[in-house]
$ cat final-v6.csv   # CSV, C-alpha atoms (C1' of nucleotides)
chain,number,residue,atom,x,y,z
L,2,MET,CA,-167.2,171.8,-14.6
L,3,ASN,CA,-165.5,175.0,-13.4
L,4,ILE,CA,-166.9,178.4,-13.0
L,5,THR,CA,-165.6,180.1,-16.2
L,6,THR,CA,-165.4,183.5,-17.7
L,7,LYS,CA,-168.9,183.1,-18.9
L,8,SER,CA,-170.2,183.6,-15.4
L,9,LYS,CA,-167.7,186.3,-14.7
L,10,TYR,CA,-168.6,188.3,-17.7
L,11,ALA,CA,-172.3,187.8,-17.3
L,12,VAL,CA,-172.4,188.9,-13.7
L,13,ARG,CA,-170.4,192.0,-14.5
L,14,ALA,CA,-172.7,192.9,-17.3
L,15,LEU,CA,-175.8,192.3,-15.2
L,16,VAL,CA,-174.4,194.5,-12.5
L,17,GLU,CA,-173.8,197.2,-15.1
L,18,LEU,CA,-177.4,196.8,-16.2
L,19,ALA,CA,-178.7,196.9,-12.7
L,20,ARG,CA,-176.7,200.1,-11.9
L,21,ARG,CA,-178.3,201.9,-14.9
L,22,ASN,CA,-181.7,201.1,-13.5
L,23,SER,CA,-183.1,202.1,-16.9
L,24,ASP,CA,-186.8,201.8,-17.8
L,25,VAL,CA,-185.9,201.4,-21.4
L,26,PRO,CA,-183.9,198.4,-22.7
L,27,VAL,CA,-180.1,198.8,-22.8
L,28,PRO,CA,-178.3,197.6,-25.9
L,29,LEU,CA,-175.9,194.8,-25.3
L,30,ILE,CA,-173.1,196.7,-27.0
L,31,VAL,CA,-173.3,199.4,-24.4
L,32,LEU,CA,-172.9,197.0,-21.5
L,33,ALA,CA,-170.1,195.1,-23.3
L,34,GLU,CA,-168.1,198.2,-23.9
L,35,ALA,CA,-168.6,199.6,-20.4
L,36,ARG,CA,-167.1,196.4,-18.9
L,37,GLY,CA,-164.6,195.4,-21.5
L,38,ILE,CA,-166.4,192.3,-22.6
L,39,PRO,CA,-166.3,190.8,-26.2
L,40,SER,CA,-169.7,191.7,-27.4
L,41,GLN,CA,-170.3,188.7,-29.6
L,42,PHE,CA,-169.4,186.5,-26.7
L,43,LEU,CA,-171.8,188.4,-24.4
L,44,GLU,CA,-174.5,187.9,-26.9
L,45,GLN,CA,-174.4,184.1,-26.4
L,46,LEU,CA,-174.5,184.6,-22.6
L,47,PHE,CA,-177.4,187.0,-22.6
L,48,SER,CA,-179.3,184.8,-25.1
L,49,ALA,CA,-179.0,182.0,-22.6
L,50,LEU,CA,-180.1,184.2,-19.7
L,51,ARG,CA,-183.1,185.3,-21.7
L,52,ARG,CA,-184.1,181.7,-22.4
L,53,ALA,CA,-183.7,181.0,-18.7
L,54,GLY,CA,-186.1,183.8,-17.8
L,55,ILE,CA,-183.5,186.2,-16.2
L,56,LEU,CA,-183.6,188.8,-18.9
L,57,GLN,CA,-186.1,190.3,-21.4
L,58,SER,CA,-184.9,191.3,-24.9
L,59,PHE,CA,-186.3,193.7,-27.5
L,60,ARG,CA,-185.2,193.6,-31.1
L,61,GLY,CA,-184.8,196.4,-33.5
L,62,VAL,CA,-183.8,200.0,-33.2
L,63,TYR,CA,-184.1,201.1,-29.5
L,64,GLY,CA,-184.0,197.4,-28.6
L,65,GLY,CA,-181.8,195.9,-25.9
L,66,PHE,CA,-182.0,194.0,-22.7
L,67,SER,CA,-183.8,194.6,-19.4
L,68,PHE,CA,-184.4,192.4,-16.4
L,69,ASN,CA,-187.3,190.0,-16.5
L,70,ARG,CA,-186.9,189.3,-12.8
L,71,PRO,CA,-186.0,192.0,-10.2
L,72,PRO,CA,-182.2,192.0,-9.7
L,73,ASP,CA,-182.6,191.5,-6.0
L,74,GLN,CA,-184.1,188.1,-6.8
L,75,ILE,CA,-181.3,187.0,-9.1
L,76,THR,CA,-178.4,185.3,-7.2
L,77,VAL,CA,-174.9,184.8,-8.6
L,78,LEU,CA,-175.6,181.0,-8.2
L,79,ASP,CA,-178.5,181.4,-10.7
L,80,ILE,CA,-176.2,182.8,-13.3
L,81,VAL,CA,-173.5,180.3,-12.7
L,82,GLU,CA,-175.8,177.4,-13.0
L,83,ILE,CA,-177.4,178.7,-16.2
L,84,LEU,CA,-174.1,179.4,-18.0
L,85,ASP,CA,-171.6,176.9,-16.5
L,86,GLY,CA,-173.9,174.2,-15.4
L,87,PRO,CA,-174.1,172.6,-11.9
L,88,ILE,CA,-171.2,173.5,-9.7
L,89,GLU,CA,-168.7,170.7,-9.3
L,90,PRO,CA,-165.6,171.9,-7.7
L,91,ALA,CA,-164.5,168.3,-7.8
L,92,VAL,CA,-165.6,165.0,-9.4
L,93,CYS,CA,-167.7,162.6,-7.5
L,94,THR,CA,-170.3,165.1,-6.3
L,95,SER,CA,-173.1,164.3,-8.7
L,96,ASP,CA,-175.4,161.4,-7.9
L,97,ASP,CA,-174.2,158.8,-10.2
L,98,ALA,CA,-170.6,160.0,-10.9
L,99,CYS,CA,-169.1,157.6,-8.3
L,100,ASP,CA,-170.1,154.0,-8.1
L,101,LYS,CA,-168.4,153.5,-4.8
L,102,ARG,CA,-170.3,155.9,-2.6
L,103,ALA,CA,-171.5,153.1,-0.2
L,104,ILE,CA,-167.9,152.1,0.7
L,105,CYS,CA,-166.1,155.4,0.1
L,106,SER,CA,-166.5,158.3,2.5
L,107,VAL,CA,-164.0,160.4,0.5
L,108,GLY,CA,-166.8,161.7,-1.8
L,109,ASP,CA,-168.4,163.4,1.2
L,110,VAL,CA,-165.6,165.9,1.2
L,111,TRP,CA,-166.1,167.0,-2.3
L,112,VAL,CA,-169.9,167.3,-1.7
L,113,GLN,CA,-169.2,169.5,1.3
L,114,ALA,CA,-167.0,171.7,-0.8
L,115,LYS,CA,-169.7,172.0,-3.5
L,116,LEU,CA,-172.4,172.9,-0.9
L,117,SER,CA,-170.2,175.6,0.6
L,118,VAL,CA,-169.7,177.2,-2.7
L,119,GLU,CA,-173.4,177.1,-3.5
L,120,GLU,CA,-174.1,178.6,-0.1
L,121,VAL,CA,-171.8,181.6,-0.8
L,122,LEU,CA,-173.0,182.2,-4.3
L,123,SER,CA,-176.7,181.9,-3.5
L,124,GLY,CA,-176.3,184.4,-0.8
L,125,VAL,CA,-175.4,187.3,-3.1
L,126,THR,CA,-177.7,189.0,-5.5
L,127,ILE,CA,-177.0,191.2,-8.5
L,128,GLN,CA,-178.7,194.0,-6.7
L,129,GLU,CA,-176.4,193.7,-3.8
L,130,LEU,CA,-173.3,193.8,-6.1
L,131,ALA,CA,-174.6,196.8,-7.8
L,132,LEU,CA,-175.1,198.6,-4.5
L,133,ARG,CA,-171.7,197.6,-3.3
L,134,GLU,CA,-170.2,199.1,-6.4
L,135,SER,CA,-172.2,202.3,-6.0
L,136,SER,CA,-170.8,202.8,-2.5
L,137,LEU,CA,-167.3,202.1,-3.8
L,138,ASP,CA,-166.9,204.5,-6.6
L,139,GLY,CA,-167.4,207.9,-5.0
L,140,ALA,CA,-169.9,207.3,-2.3
L,141,SER,CA,-171.1,210.7,-3.4
L,142,MET,CA,-174.7,209.7,-3.1
L,143,TYR,CA,-174.4,210.1,0.6
L,144,TYR,CA,-173.0,213.6,0.5
L,145,ILE,CA,-174.8,215.5,-2.2
K,4,MET,CA,-157.8,175.6,-12.0
K,5,ASN,CA,-160.3,173.0,-11.0
K,6,ILE,CA,-160.1,170.1,-8.6
K,7,THR,CA,-159.4,167.2,-11.0
K,8,THR,CA,-159.2,163.4,-10.8
K,9,LYS,CA,-155.6,163.8,-9.7
K,10,SER,CA,-156.7,164.9,-6.2
K,11,LYS,CA,-159.5,162.4,-6.2
K,12,TYR,CA,-157.3,159.5,-7.0
K,13,ALA,CA,-154.5,160.7,-4.7
K,14,VAL,CA,-156.8,161.1,-1.7
K,15,ARG,CA,-158.3,157.7,-2.2
K,16,ALA,CA,-154.9,156.1,-2.4
K,17,LEU,CA,-153.7,157.9,0.7
K,18,VAL,CA,-156.8,156.8,2.6
K,19,GLU,CA,-156.0,153.2,1.5
K,20,LEU,CA,-152.4,153.6,2.7
K,21,ALA,CA,-153.6,155.1,6.0
K,22,ARG,CA,-156.0,152.2,6.6
K,23,ARG,CA,-153.3,149.6,6.1
K,24,ASN,CA,-151.3,151.3,8.8
K,25,SER,CA,-148.3,149.3,7.8
K,26,ASP,CA,-144.8,149.7,9.3
K,27,VAL,CA,-143.3,148.5,6.0
K,28,PRO,CA,-143.7,150.5,2.7
K,29,VAL,CA,-146.7,149.6,0.6
K,30,PRO,CA,-146.1,149.1,-3.1
K,31,LEU,CA,-147.9,151.6,-5.3
K,32,ILE,CA,-149.4,148.8,-7.4
K,33,VAL,CA,-151.2,147.4,-4.4
K,34,LEU,CA,-152.9,150.7,-3.6
K,35,ALA,CA,-153.8,151.3,-7.2
K,36,GLU,CA,-155.4,148.0,-7.6
K,37,ALA,CA,-157.2,148.2,-4.3
K,38,ARG,CA,-158.9,151.4,-5.4
K,39,GLY,CA,-159.2,151.0,-9.2
K,40,ILE,CA,-156.6,153.7,-10.1
K,41,PRO,CA,-154.4,153.5,-13.2
K,42,SER,CA,-151.1,152.7,-11.7
K,43,GLN,CA,-148.9,154.7,-14.0
K,44,PHE,CA,-151.1,157.7,-13.4
K,45,LEU,CA,-150.8,157.2,-9.7
K,46,GLU,CA,-147.1,157.0,-10.0
K,47,GLN,CA,-147.0,160.6,-11.2
K,48,LEU,CA,-149.1,161.7,-8.3
K,49,PHE,CA,-147.2,159.9,-5.6
K,50,SER,CA,-144.0,161.2,-7.1
K,51,ALA,CA,-145.2,164.7,-6.6
K,52,LEU,CA,-146.4,164.0,-3.1
K,53,ARG,CA,-143.0,162.6,-2.2
K,54,ARG,CA,-141.3,165.7,-3.6
K,55,ALA,CA,-143.7,167.8,-1.5
K,56,GLY,CA,-142.8,166.0,1.7
K,57,ILE,CA,-146.1,164.1,2.2
K,58,LEU,CA,-144.7,160.6,1.4
K,59,GLN,CA,-141.5,158.6,1.7
K,60,SER,CA,-140.5,156.2,-1.0
K,61,PHE,CA,-138.3,153.1,-1.0
K,62,ARG,CA,-137.0,151.6,-4.2
K,63,GLY,CA,-136.3,148.1,-5.2
K,64,VAL,CA,-137.8,144.8,-4.0
K,65,TYR,CA,-139.9,145.3,-0.9
K,66,GLY,CA,-140.0,149.0,-1.8
K,67,GLY,CA,-143.1,151.1,-1.7
K,68,PHE,CA,-144.5,154.2,-0.1
K,69,SER,CA,-145.2,155.2,3.4
K,70,PHE,CA,-146.2,158.5,5.1
K,71,ASN,CA,-143.5,161.1,5.7
K,72,ARG,CA,-145.9,163.1,7.8
K,73,PRO,CA,-148.6,161.6,10.1
K,74,PRO,CA,-151.9,161.2,8.2
K,75,ASP,CA,-153.7,163.2,10.9
K,76,GLN,CA,-151.5,166.1,9.8
K,77,ILE,CA,-152.3,165.9,6.1
K,78,THR,CA,-155.4,167.7,5.0
K,79,VAL,CA,-157.3,167.2,1.8
K,80,LEU,CA,-156.4,170.8,0.9
K,81,ASP,CA,-152.7,170.0,1.1
K,82,ILE,CA,-153.2,167.3,-1.5
K,83,VAL,CA,-155.3,169.4,-3.8
K,84,GLU,CA,-152.9,172.3,-3.7
K,85,ILE,CA,-149.9,170.1,-4.5
K,86,LEU,CA,-151.5,168.2,-7.3
K,87,ASP,CA,-154.0,170.7,-8.8
K,88,GLY,CA,-152.5,174.0,-7.7
K,89,PRO,CA,-154.2,176.8,-5.9
K,90,ILE,CA,-157.9,176.5,-5.7
K,91,GLU,CA,-159.7,178.9,-8.1
K,92,PRO,CA,-163.3,177.9,-8.4
K,93,ALA,CA,-163.6,181.0,-10.5
K,94,VAL,CA,-161.3,183.4,-12.3
K,95,CYS,CA,-160.5,186.7,-10.6
K,96,THR,CA,-159.5,185.2,-7.3
K,97,SER,CA,-155.8,185.5,-7.5
K,98,ASP,CA,-154.1,188.7,-6.8
K,99,ASP,CA,-153.2,190.0,-10.2
K,100,ALA,CA,-155.8,188.1,-12.3
K,101,CYS,CA,-158.1,191.1,-12.4
K,102,ASP,CA,-157.1,194.6,-13.1
K,103,LYS,CA,-160.3,196.1,-12.0
K,104,ARG,CA,-160.4,195.1,-8.3
K,105,ALA,CA,-160.5,198.7,-7.2
K,106,ILE,CA,-163.7,199.5,-9.0
K,107,CYS,CA,-165.3,196.0,-9.2
K,108,SER,CA,-166.8,194.5,-6.2
K,109,VAL,CA,-167.8,191.4,-8.1
K,110,GLY,CA,-164.5,189.7,-7.6
K,111,ASP,CA,-165.2,189.5,-3.8
K,112,VAL,CA,-167.8,186.9,-4.5
K,113,TRP,CA,-165.4,184.6,-6.2
K,114,VAL,CA,-162.9,185.1,-3.5
K,115,GLN,CA,-165.5,184.2,-0.8
K,116,ALA,CA,-166.3,181.0,-2.8
K,117,LYS,CA,-162.6,180.1,-2.9
K,118,LEU,CA,-162.2,180.7,0.8
K,119,SER,CA,-165.2,178.6,1.7
K,120,VAL,CA,-163.8,175.7,-0.3
K,121,GLU,CA,-160.5,176.0,1.3
K,122,GLU,CA,-162.1,176.0,4.7
K,123,VAL,CA,-163.9,172.8,4.1
K,124,LEU,CA,-161.0,171.0,2.6
K,125,SER,CA,-158.5,172.1,5.2
K,126,GLY,CA,-160.8,170.8,7.9
K,127,VAL,CA,-160.6,167.2,6.9
K,128,THR,CA,-157.5,165.0,7.3
K,129,ILE,CA,-156.5,161.7,5.6
K,130,GLN,CA,-156.6,160.1,9.0
K,131,GLU,CA,-160.3,161.2,9.5
K,132,LEU,CA,-161.3,159.8,6.2
K,133,ALA,CA,-159.6,156.5,6.9
K,134,LEU,CA,-161.5,156.3,10.2
K,135,ARG,CA,-164.8,157.2,8.6
K,136,GLU,CA,-164.3,154.4,6.1
K,137,SER,CA,-163.5,151.9,8.9
K,138,SER,CA,-166.7,152.7,10.7
K,139,LEU,CA,-168.6,152.4,7.4
K,140,ASP,CA,-167.6,149.0,6.1
K,141,GLY,CA,-169.0,146.6,8.7
K,142,ALA,CA,-168.4,148.5,11.9
K,143,SER,CA,-167.6,145.0,13.1
K,144,MET,CA,-164.8,146.3,15.2
K,145,TYR,CA,-167.3,147.3,17.8
K,146,TYR,CA,-168.9,143.9,18.1
K,147,ILE,CA,-166.1,141.4,18.0
O,2,DT,C1',-123.8,138.4,-10.9
O,3,DG,C1',-128.3,138.2,-12.6
O,4,DT,C1',-133.1,139.0,-12.2
O,5,DA,C1',-137.2,140.6,-10.5
O,6,DA,C1',-139.5,144.1,-8.1
O,7,DT,C1',-140.1,148.6,-7.5
O,8,DC,C1',-139.7,153.6,-7.9
O,9,DC,C1',-138.5,157.6,-11.3
O,10,DT,C1',-139.2,160.6,-15.2
O,11,DG,C1',-140.0,162.8,-19.5
O,12,DA,C1',-142.4,162.5,-23.8
O,13,DC,C1',-146.4,161.8,-26.0
O,14,DT,C1',-151.5,161.5,-27.2
O,15,DG,C1',-156.6,161.6,-27.9
O,16,DA,C1',-160.6,163.9,-26.2
O,17,DA,C1',-162.8,167.6,-24.1
O,18,DT,C1',-163.2,172.3,-22.6
O,19,DA,C1',-162.4,177.4,-22.8
O,20,DG,C1',-162.8,181.4,-25.0
O,21,DG,C1',-163.8,183.3,-28.3
O,22,DT,C1',-164.8,184.8,-33.9
O,23,DG,C1',-167.5,184.7,-38.3
O,24,DA,C1',-171.3,184.8,-41.1
O,25,DG,C1',-175.6,185.5,-41.9
O,26,DG,C1',-180.5,185.8,-40.4
O,27,DT,C1',-184.7,188.2,-38.2
O,28,DT,C1',-187.2,192.0,-36.1
O,29,DT,C1',-188.2,196.8,-35.4
O,30,DT,C1',-188.0,201.9,-36.0
O,31,DG,C1',-188.1,205.9,-38.8
M,3,DC,C1',-185.7,200.5,-47.5
M,4,DA,C1',-181.8,201.4,-44.2
M,5,DA,C1',-180.0,201.2,-39.8
M,6,DA,C1',-180.0,199.2,-35.2
M,7,DA,C1',-180.4,195.8,-32.6
M,8,DC,C1',-181.1,190.9,-31.3
M,9,DC,C1',-180.6,185.6,-32.7
M,10,DT,C1',-178.2,181.4,-33.9
M,11,DC,C1',-175.2,178.1,-35.5
M,12,DA,C1',-170.9,176.8,-37.2
M,13,DC,C1',-166.2,177.2,-36.7
M,14,DC,C1',-161.6,177.8,-34.6
M,15,DT,C1',-157.3,177.8,-31.7
M,16,DA,C1',-155.0,177.0,-27.4
M,17,DT,C1',-155.0,174.7,-23.2
M,18,DT,C1',-156.1,171.2,-20.0
M,19,DC,C1',-157.4,166.5,-18.7
M,20,DA,C1',-156.5,161.9,-18.1
M,21,DG,C1',-154.0,159.1,-19.0
M,22,DT,C1',-150.2,155.8,-21.8
M,23,DC,C1',-145.5,154.7,-23.3
M,24,DA,C1',-140.8,153.9,-23.0
M,25,DG,C1',-137.1,153.4,-20.8
M,26,DG,C1',-133.9,154.3,-16.7
M,27,DA,C1',-132.3,153.8,-11.8
M,28,DT,C1',-132.2,151.4,-7.4
M,29,DT,C1',-132.5,147.5,-4.3
M,30,DA,C1',-133.2,142.6,-2.4
M,31,DC,C1',-132.2,138.2,-2.9
M,32,DA,C1',-130.8,133.6,-5.1
$ encode --input "final-v6.csv" --output "structure tokens"
Amino acid sequence: MNITTKSKYAVRALVELARRNSDVPVPLIVLAEARGIPSQFLEQLFSALRRAGILQSFRGVYGGFSFNRPPDQITVLDIVEILDGPIEPAVCTSDDACDKRAICSVGDVWVQAKLSVEEVLSGVTIQELALRESSLDGASMYYI
Amino acid sequence: MNITTKSKYAVRALVELARRNSDVPVPLIVLAEARGIPSQFLEQLFSALRRAGILQSFRGVYGGFSFNRPPDQITVLDIVEILDGPIEPAVCTSDDACDKRAICSVGDVWVQAKLSVEEVLSGVTIQELALRESSLDGASMYYI
DNA sequence: TGTAATCCTGACTGAATAGGTGAGGTTTTG
DNA sequence: CAAAACCTCACCTATTCAGTCAGGATTACA
């Protein structure tokens, strides 16, 4: 299972949501248009994130999404695992996928690759990405 | 592009070839059967590895494959890149895949993940894997 | 020369996954 | 009741995966 556009889109939309730092829910369509994401596709993703406890949703007029967990406690790995499932950069990394583990050291290589990806992705939060973007576009916050 | 069974099969077969340490070519069917790999599938993979300069092939009776480069100079990353293409654990990691790099710091995360996988896979050679296996199954070499 | 062993290659295929779209339903506000 | 928003399930098309098939080319040896 690869890391697909699901995670890519979701992370971008979450960063957008974090940057707005709104105390009222933000409608999904707003996030989708701001980042060029197909809105019906994003609906599926945000629905899954809500069920997973990452987001809160509010229906009806003035409805939308807001974080259910602070964005500095949401890692990119969290998002990837919810939307794309466990990371498996290669086969043979899950417990029972390979019946030859006892006599085959090759699998260790794929496991190491998996672990290193998890380490990178679990080391970055949505909050951090939002801050990085803020410092990128303008950096005016430091000079006003 | 994920890491597929192509790389998995190829690495296993190459480790088998390295362990035989034969000075005559080893027929592909022998390697395939030793490791439970569909032989016609492995043919495609070994063909590609030969074209890439990793293997030598010899046709006809007593033909087979042998290394064209010493197995301690063949990394797992070499094999993966030949058979599965450049590693892209996520989208947005190749140069022109994302048109928003200038304003989007999110891509950096995927690039870091890609680099960490490359680092792991380029740090392991076929020779090392062959030696690890030898020390695994029996370790009798130390006691006879 | 014939035959068996072996590599070589391109076409094909069934199943799964990726990346969405469509249609309609439910909830809330005014 | 209308509009805005979320919710959900079914569907769809293109691509990729993991091979299989069929046949050809080369070599060793009897």
$ calpha_fit_rmsd --input "final-v6.csv" --fixed "chain L" --moving "chain K"
0.2 Å
$ atom_distance --input "final-v6.csv" --atom1 "CA of Gln113 in chain L" --atom2 "CA of Glu131 in chain K"
14.7 Å
$ residues_around --input "final-v6.csv" --residues "range 26-28 of chain M" --least-positions-apart "6" --cutoff "8 Å" --atoms "only C-alpha atoms (C1' of nucleotides)" --output "number ranges by chain"
K: 62-63; O: 8-9
$ closest_residue --input "final-v6.csv" --among "O:DA17, O:DA24, O:DA6, O:DA12" --to "chain K" --atoms "only C-alpha atoms (C1' of nucleotides)"
O:DA6
$ interface_residues --input "final-v6.csv" --of "chain M" --to "chain L" --cutoff "9 Å" --atoms "only C-alpha atoms (C1' of nucleotides)" --output "list in words"
DA5, DA6, DA7, DC8, DC9 and DT10 of chain M
$ residues_around --input "final-v6.csv" --residues "DG23 in chain O" --least-positions-apart "6" --cutoff "12 Å" --atoms "only C-alpha atoms (C1' of nucleotides)" --output "PyMOL selection string"
(chain L and resi 41-42) or (chain M and resi 11-14)
$ closest_residue --input "final-v6.csv" --among "L:Ala49, L:Leu132, L:Leu43, L:Val107" --to "chain K" --atoms "only C-alpha atoms"
L:Val107
$ interface_residues --input "final-v6.csv" --of "chain O" --to "chain K" --cutoff "12 Å" --atoms "all atoms listed in the file" --output "ChimeraX atom specification"
/O:4-11,18-19
$ build_atoms --input "final-v6.csv" --residues "range 64-73 of chain L" --atoms "all heavy atoms" --output "tab-separated table (two decimals), in the coordinates of the input"
chain	number	residue	atom	x	y	z
L	64	GLY	N	-183.85	198.71	-29.33
L	64	GLY	CA	-184.00	197.40	-28.60
L	64	GLY	C	-182.90	197.33	-27.55
L	64	GLY	O	-182.16	198.28	-27.27
L	65	GLY	N	-182.81	196.15	-26.97
L	65	GLY	CA	-181.80	195.90	-25.90
L	65	GLY	C	-182.32	194.93	-24.90
L	65	GLY	O	-183.27	194.18	-25.17
L	66	PHE	N	-181.68	194.93	-23.75
L	66	PHE	CA	-182.00	194.00	-22.70
L	66	PHE	C	-182.49	194.72	-21.44
L	66	PHE	O	-182.00	195.81	-21.13
L	66	PHE	CB	-180.85	193.10	-22.34
L	66	PHE	CG	-180.51	192.09	-23.40
L	66	PHE	CD1	-179.65	192.42	-24.43
L	66	PHE	CD2	-181.06	190.82	-23.37
L	66	PHE	CE1	-179.34	191.49	-25.42
L	66	PHE	CE2	-180.75	189.89	-24.35
L	66	PHE	CZ	-179.89	190.22	-25.37
L	67	SER	N	-183.45	194.09	-20.75
L	67	SER	CA	-183.80	194.60	-19.40
L	67	SER	C	-184.10	193.33	-18.57
L	67	SER	O	-184.26	192.23	-19.09
L	67	SER	CB	-184.96	195.52	-19.45
L	67	SER	OG	-186.05	194.91	-20.08
L	68	PHE	N	-184.17	193.52	-17.26
L	68	PHE	CA	-184.40	192.40	-16.40
L	68	PHE	C	-185.84	191.87	-16.55
L	68	PHE	O	-186.78	192.65	-16.73
L	68	PHE	CB	-184.19	192.78	-14.92
L	68	PHE	CG	-182.74	192.95	-14.58
L	68	PHE	CD1	-182.19	194.23	-14.49
L	68	PHE	CD2	-181.93	191.85	-14.38
L	68	PHE	CE1	-180.85	194.39	-14.18
L	68	PHE	CE2	-180.59	192.01	-14.08
L	68	PHE	CZ	-180.05	193.28	-13.98
L	69	ASN	N	-185.97	190.57	-16.49
L	69	ASN	CA	-187.30	190.00	-16.50
L	69	ASN	C	-187.68	189.56	-15.07
L	69	ASN	O	-188.82	189.22	-14.81
L	69	ASN	CB	-187.27	188.72	-17.39
L	69	ASN	CG	-188.64	188.15	-17.62
L	69	ASN	OD1	-189.60	188.90	-17.81
L	69	ASN	ND2	-188.75	186.83	-17.59
L	70	ARG	N	-186.69	189.61	-14.19
L	70	ARG	CA	-186.90	189.30	-12.80
L	70	ARG	C	-186.15	190.37	-12.01
L	70	ARG	O	-185.06	190.76	-12.44
L	70	ARG	CB	-186.30	187.92	-12.48
L	70	ARG	CG	-186.87	187.23	-11.27
L	70	ARG	CD	-185.93	186.16	-10.76
L	70	ARG	NE	-185.75	185.01	-11.65
L	70	ARG	CZ	-184.91	184.02	-11.41
L	70	ARG	NH1	-184.14	184.05	-10.33
L	70	ARG	NH2	-184.79	183.01	-12.23
L	71	PRO	N	-186.67	190.88	-10.93
L	71	PRO	CA	-186.00	192.00	-10.20
L	71	PRO	C	-184.56	191.51	-9.81
L	71	PRO	O	-184.40	190.38	-9.33
L	71	PRO	CB	-186.85	192.25	-9.02
L	71	PRO	CG	-187.89	191.20	-9.00
L	71	PRO	CD	-187.96	190.55	-10.31
L	72	PRO	N	-183.58	192.39	-9.98
L	72	PRO	CA	-182.20	192.00	-9.70
L	72	PRO	C	-181.92	191.61	-8.27
L	72	PRO	O	-180.90	190.98	-7.99
L	72	PRO	CB	-181.39	193.27	-10.09
L	72	PRO	CG	-182.38	194.34	-10.35
L	72	PRO	CD	-183.71	193.71	-10.57
L	73	ASP	N	-182.81	191.95	-7.36
L	73	ASP	CA	-182.60	191.50	-6.00
L	73	ASP	C	-183.13	190.07	-5.80
L	73	ASP	O	-183.07	189.52	-4.72
L	73	ASP	CB	-183.23	192.46	-4.98
L	73	ASP	CG	-184.74	192.53	-5.14
L	73	ASP	OD1	-185.26	192.02	-6.16
L	73	ASP	OD2	-185.41	193.09	-4.26
